[in-house]
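> Provided herewith is a single structure, encoded as structure tokens, for subsequent inquiry.
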Amino acid sequence: MTSKTNLPFWKTKNMAEMSPTEWESLCDSCGKCCCIRLEDEDDGAIYITDVACKLFDPSTCRCTDYPNRSAKVPDCVTLTPDNVSALKWMPQTCAYRLVSEGKDLPDYHHLISGSRDTIHEVGMSVQDAVTSEVFVTEEEQVTRIVIWPGEPDIGEG
């Protein structure tokens, strides 16, 4: 029998109890949340594209200016323990979403595998598979709709 003290922090603490370091460590650097999403005005369906935020580095799957992202990209959403469960557009594979829903982290998550490269090695990130929004017009974005691994079919979710 495993005692509560031997369990990882994401199984013993609620999100509001996590330290800033613990909170930030949940991010698996998949990059899916940095991809532009489009909403169908008729039915509210959300579509994800292979167009990433201008601050996104496709080789590292990290923000190039994380501390200042909200100032440089006003519609960048800062995840908090209070809003994570309400953000239904977050990737199905997102560790924040999984933990908020009481689910386990996948084996490729760095907190499980011990390596930040595992997510890329198993093809669950957008590493080197996106184009920056600076190179794609808003009109073109609709032609860039994709389904990333681990995500629902187009328009679901």
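To be explicit about the labels: the chains of the structure tokens are called A, B, and onward in the order shown, and within each one the residues are counted from 1, while ligands get numbers from 1 in the order they are shown.
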Using only C-alpha atoms, which protein or nucleic acid residues come within 12 Å of Asp65 (chain A)? Drop anything in the same chain fewer than 6 positions from it, and give the result as a list in words.
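Contacts, with the query itself left out: Cys53, Lys54, Leu55, Phe56, Asp57, Ala71, Lys72, Val73 and Cys76 of chain A.
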> Export, as a CSV table (one decimal), in the first residue's frame, the selected residues with N, CA and C atoms.

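Output file result04.csv is given in full below:
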chain,number,residue,atom,x,y,z
A,53,CYS,N,1.5,31.0,-32.1
A,53,CYS,CA,1.7,32.4,-31.6
A,53,CYS,C,3.1,32.8,-32.0
A,54,LYS,N,3.2,34.1,-32.3
A,54,LYS,CA,4.4,34.7,-32.7
A,54,LYS,C,5.6,34.5,-31.7
A,55,LEU,N,5.3,34.3,-30.5
A,55,LEU,CA,6.3,34.1,-29.4
A,55,LEU,C,6.8,32.6,-29.3
A,56,PHE,N,6.1,31.7,-30.0
A,56,PHE,CA,6.4,30.3,-29.8
A,56,PHE,C,7.6,29.9,-30.6
A,57,ASP,N,8.5,29.1,-29.9
A,57,ASP,CA,9.6,28.5,-30.6
A,57,ASP,C,9.3,27.1,-30.9
A,71,ALA,N,1.8,40.8,-22.0
A,71,ALA,CA,2.0,42.2,-22.5
A,71,ALA,C,2.2,42.2,-24.0
A,72,LYS,N,2.9,41.2,-24.5
A,72,LYS,CA,3.2,41.2,-25.9
A,72,LYS,C,2.1,40.6,-26.8
A,73,VAL,N,1.3,39.7,-26.1
A,73,VAL,CA,0.2,39.0,-26.8
A,73,VAL,C,-1.0,39.1,-25.9
A,76,CYS,N,-3.2,36.1,-24.9
A,76,CYS,CA,-2.5,34.9,-24.3
A,76,CYS,C,-3.2,34.7,-23.0
> Give me the residues within 10 Å of Cys33 (chain A) as a ChimeraX atom specification, counting only C-alpha atoms and dropping any in the same chain fewer than 5 places off.
/A:48,52-53,76-77,89-91,94,126
> Which of these, A:Val142, A:Pro67, A:Met15, A:Leu79, has the shortest distance to Glu101 (chain A) once you count only C-alpha atoms?
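For Glu101 (chain A), the nearest of the given residues is A:Met15.
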> Can you list every residue in region 40-105 of chain A that DSSP puts in strand (DSSP E), as a list in words?
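Those residues are Ile46, Tyr47, Ile48, Thr49, Asp50, Val51, Ala52, Phe56, Asp57, Arg62 and Cys63 of chain A.
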> Taking 4 positions as the minimum chain separation for residues in the same chain, which residues sit within 10 Å of Ala86 (chain A) when counting only C-alpha atoms? Answer as an NGL selection string.
:A and (81-82 or 90 or 97 or 100)
> Which is closer to Cys35 (chain A) than all the others in A:Thr143, A:Asn68, A:Ser132, A:Thr137, using only C-alpha atoms?
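The closest residue to Cys35 (chain A) is A:Ser132.
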> Enumerate the residues of region 92-157 of chain A with a DSSP assignment of alpha helix (DSSP H), computed from the backbone, and present them as number ranges by chain.
A: 95-100, 110-113, 118-121, 138-141
> Just write the chosen residues, N, CA and C atoms, as a PDB file, in the first residue's frame.

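Generated output (result_15.pdb):
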ATOM      1  N   ALA A  95      -1.553  18.522 -19.311  1.00  0.00           N
ATOM      2  CA  ALA A  95      -1.411  18.055 -17.930  1.00  0.00           C
ATOM      3  C   ALA A  95      -2.273  18.867 -16.968  1.00  0.00           C
ATOM      4  N   TYR A  96      -2.395  20.158 -17.193  1.00  0.00           N
ATOM      5  CA  TYR A  96      -3.246  20.979 -16.326  1.00  0.00           C
ATOM      6  C   TYR A  96      -4.693  20.492 -16.409  1.00  0.00           C
ATOM      7  N   ARG A  97      -5.138  20.233 -17.608  1.00  0.00           N
ATOM      8  CA  ARG A  97      -6.503  19.737 -17.801  1.00  0.00           C
ATOM      9  C   ARG A  97      -6.673  18.356 -17.161  1.00  0.00           C
ATOM     10  N   LEU A  98      -5.712  17.467 -17.431  1.00  0.00           N
ATOM     11  CA  LEU A  98      -5.795  16.113 -16.885  1.00  0.00           C
ATOM     12  C   LEU A  98      -5.852  16.129 -15.360  1.00  0.00           C
ATOM     13  N   VAL A  99      -4.964  16.891 -14.731  1.00  0.00           N
ATOM     14  CA  VAL A  99      -4.928  16.958 -13.269  1.00  0.00           C
ATOM     15  C   VAL A  99      -6.220  17.575 -12.735  1.00  0.00           C
ATOM     16  N   SER A 100      -6.715  18.623 -13.398  1.00  0.00           N
ATOM     17  CA  SER A 100      -7.955  19.254 -12.922  1.00  0.00           C
ATOM     18  C   SER A 100      -9.143  18.305 -13.039  1.00  0.00           C
ATOM     19  N   HIS A 110       7.121  14.491 -18.696  1.00  0.00           N
ATOM     20  CA  HIS A 110       8.462  14.541 -18.095  1.00  0.00           C
ATOM     21  C   HIS A 110       8.473  14.251 -16.598  1.00  0.00           C
ATOM     22  N   LEU A 111       7.380  14.543 -15.893  1.00  0.00           N
ATOM     23  CA  LEU A 111       7.334  14.224 -14.466  1.00  0.00           C
ATOM     24  C   LEU A 111       7.225  12.715 -14.235  1.00  0.00           C
ATOM     25  N   ILE A 112       6.827  11.973 -15.251  1.00  0.00           N
ATOM     26  CA  ILE A 112       6.752  10.512 -15.182  1.00  0.00           C
ATOM     27  C   ILE A 112       7.995   9.885 -15.821  1.00  0.00           C
ATOM     28  N   SER A 113       8.329  10.349 -17.034  1.00  0.00           N
ATOM     29  CA  SER A 113       9.433   9.738 -17.789  1.00  0.00           C
ATOM     30  C   SER A 113      10.810  10.183 -17.311  1.00  0.00           C
ATOM     31  N   THR A 118      10.790  13.210 -24.009  1.00  0.00           N
ATOM     32  CA  THR A 118       9.899  12.078 -24.271  1.00  0.00           C
ATOM     33  C   THR A 118       8.655  12.495 -25.042  1.00  0.00           C
ATOM     34  N   ILE A 119       8.051  13.606 -24.693  1.00  0.00           N
ATOM     35  CA  ILE A 119       6.837  14.058 -25.371  1.00  0.00           C
ATOM     36  C   ILE A 119       7.079  14.265 -26.867  1.00  0.00           C
ATOM     37  N   HIS A 120       8.249  14.751 -27.215  1.00  0.00           N
ATOM     38  CA  HIS A 120       8.583  14.976 -28.624  1.00  0.00           C
ATOM     39  C   HIS A 120       8.904  13.647 -29.316  1.00  0.00           C
ATOM     40  N   GLU A 121       9.604  12.788 -28.595  1.00  0.00           N
ATOM     41  CA  GLU A 121       9.990  11.489 -29.158  1.00  0.00           C
ATOM     42  C   GLU A 121       8.774  10.639 -29.511  1.00  0.00           C
ATOM     43  N   GLU A 138      -4.792  36.037 -41.424  1.00  0.00           N
ATOM     44  CA  GLU A 138      -5.986  35.541 -40.730  1.00  0.00           C
ATOM     45  C   GLU A 138      -6.891  34.775 -41.686  1.00  0.00           C
ATOM     46  N   GLU A 139      -6.981  35.228 -42.918  1.00  0.00           N
ATOM     47  CA  GLU A 139      -7.812  34.550 -43.911  1.00  0.00           C
ATOM     48  C   GLU A 139      -7.284  33.152 -44.214  1.00  0.00           C
ATOM     49  N   GLU A 140      -5.975  32.970 -44.195  1.00  0.00           N
ATOM     50  CA  GLU A 140      -5.365  31.669 -44.480  1.00  0.00           C
ATOM     51  C   GLU A 140      -5.507  30.681 -43.323  1.00  0.00           C
ATOM     52  N   GLN A 141      -5.686  31.175 -42.122  1.00  0.00           N
ATOM     53  CA  GLN A 141      -5.721  30.301 -40.949  1.00  0.00           C
ATOM     54  C   GLN A 141      -6.772  29.205 -41.066  1.00  0.00           C
TER      55      GLN A 141
END
> My list of candidates is A:Ile145, A:Leu105, A:Val130, A:Val51. Which is closest to Leu26 (chain A) when distances are computed with only C-alpha atoms?
A:Leu105
> Would you mind telling me which residue in A:Cys27, A:Cys63, A:Ile36, A:Ile46 lies nearest to Val136 (chain A) when using only C-alpha atoms?
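Going through A:Cys27, A:Cys63, A:Ile36, A:Ile46 one by one, the smallest distance to Val136 (chain A) is for A:Ile36.
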> Considering only C-alpha atoms, can you say which of A:Thr80, A:Gly114, A:Leu87, A:Asp50 comes closest to Glu17 (chain A)?
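Among A:Thr80, A:Gly114, A:Leu87, A:Asp50, it is A:Thr80 that comes nearest to Glu17 (chain A).
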> When you look at region 150-152 of chain A with a cut-off of 9 Å (counting only C-alpha atoms), what residues show up, excluding the ones that are within fewer than 6 positions of it in the same chain? I need them as a list of chain:residue names.
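In the requested form, the answer reads A:Pro91, A:Gln92, A:Thr93, A:Met124.
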> With distances taken over only C-alpha atoms, which residue among A:Lys13, A:Ser19, A:Ser125, A:Asp40 lies nearest Trp148 (chain A)?
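The shortest atom-to-atom distance to Trp148 (chain A) comes from A:Ser125.
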> Between CA of Gly123 (chain A) and CA of Lys32 (chain A), what is the spacing in Å?
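Computed distance, CA of Lys32 (chain A) to CA of Gly123 (chain A), equals 11.9 Å.
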> Hey, can you check how far CA of Val146 (chain A) sits from CA of Tyr47 (chain A)?
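Spanning CA of Val146 (chain A) to CA of Tyr47 (chain A) is a straight-line distance of 7.7 Å.
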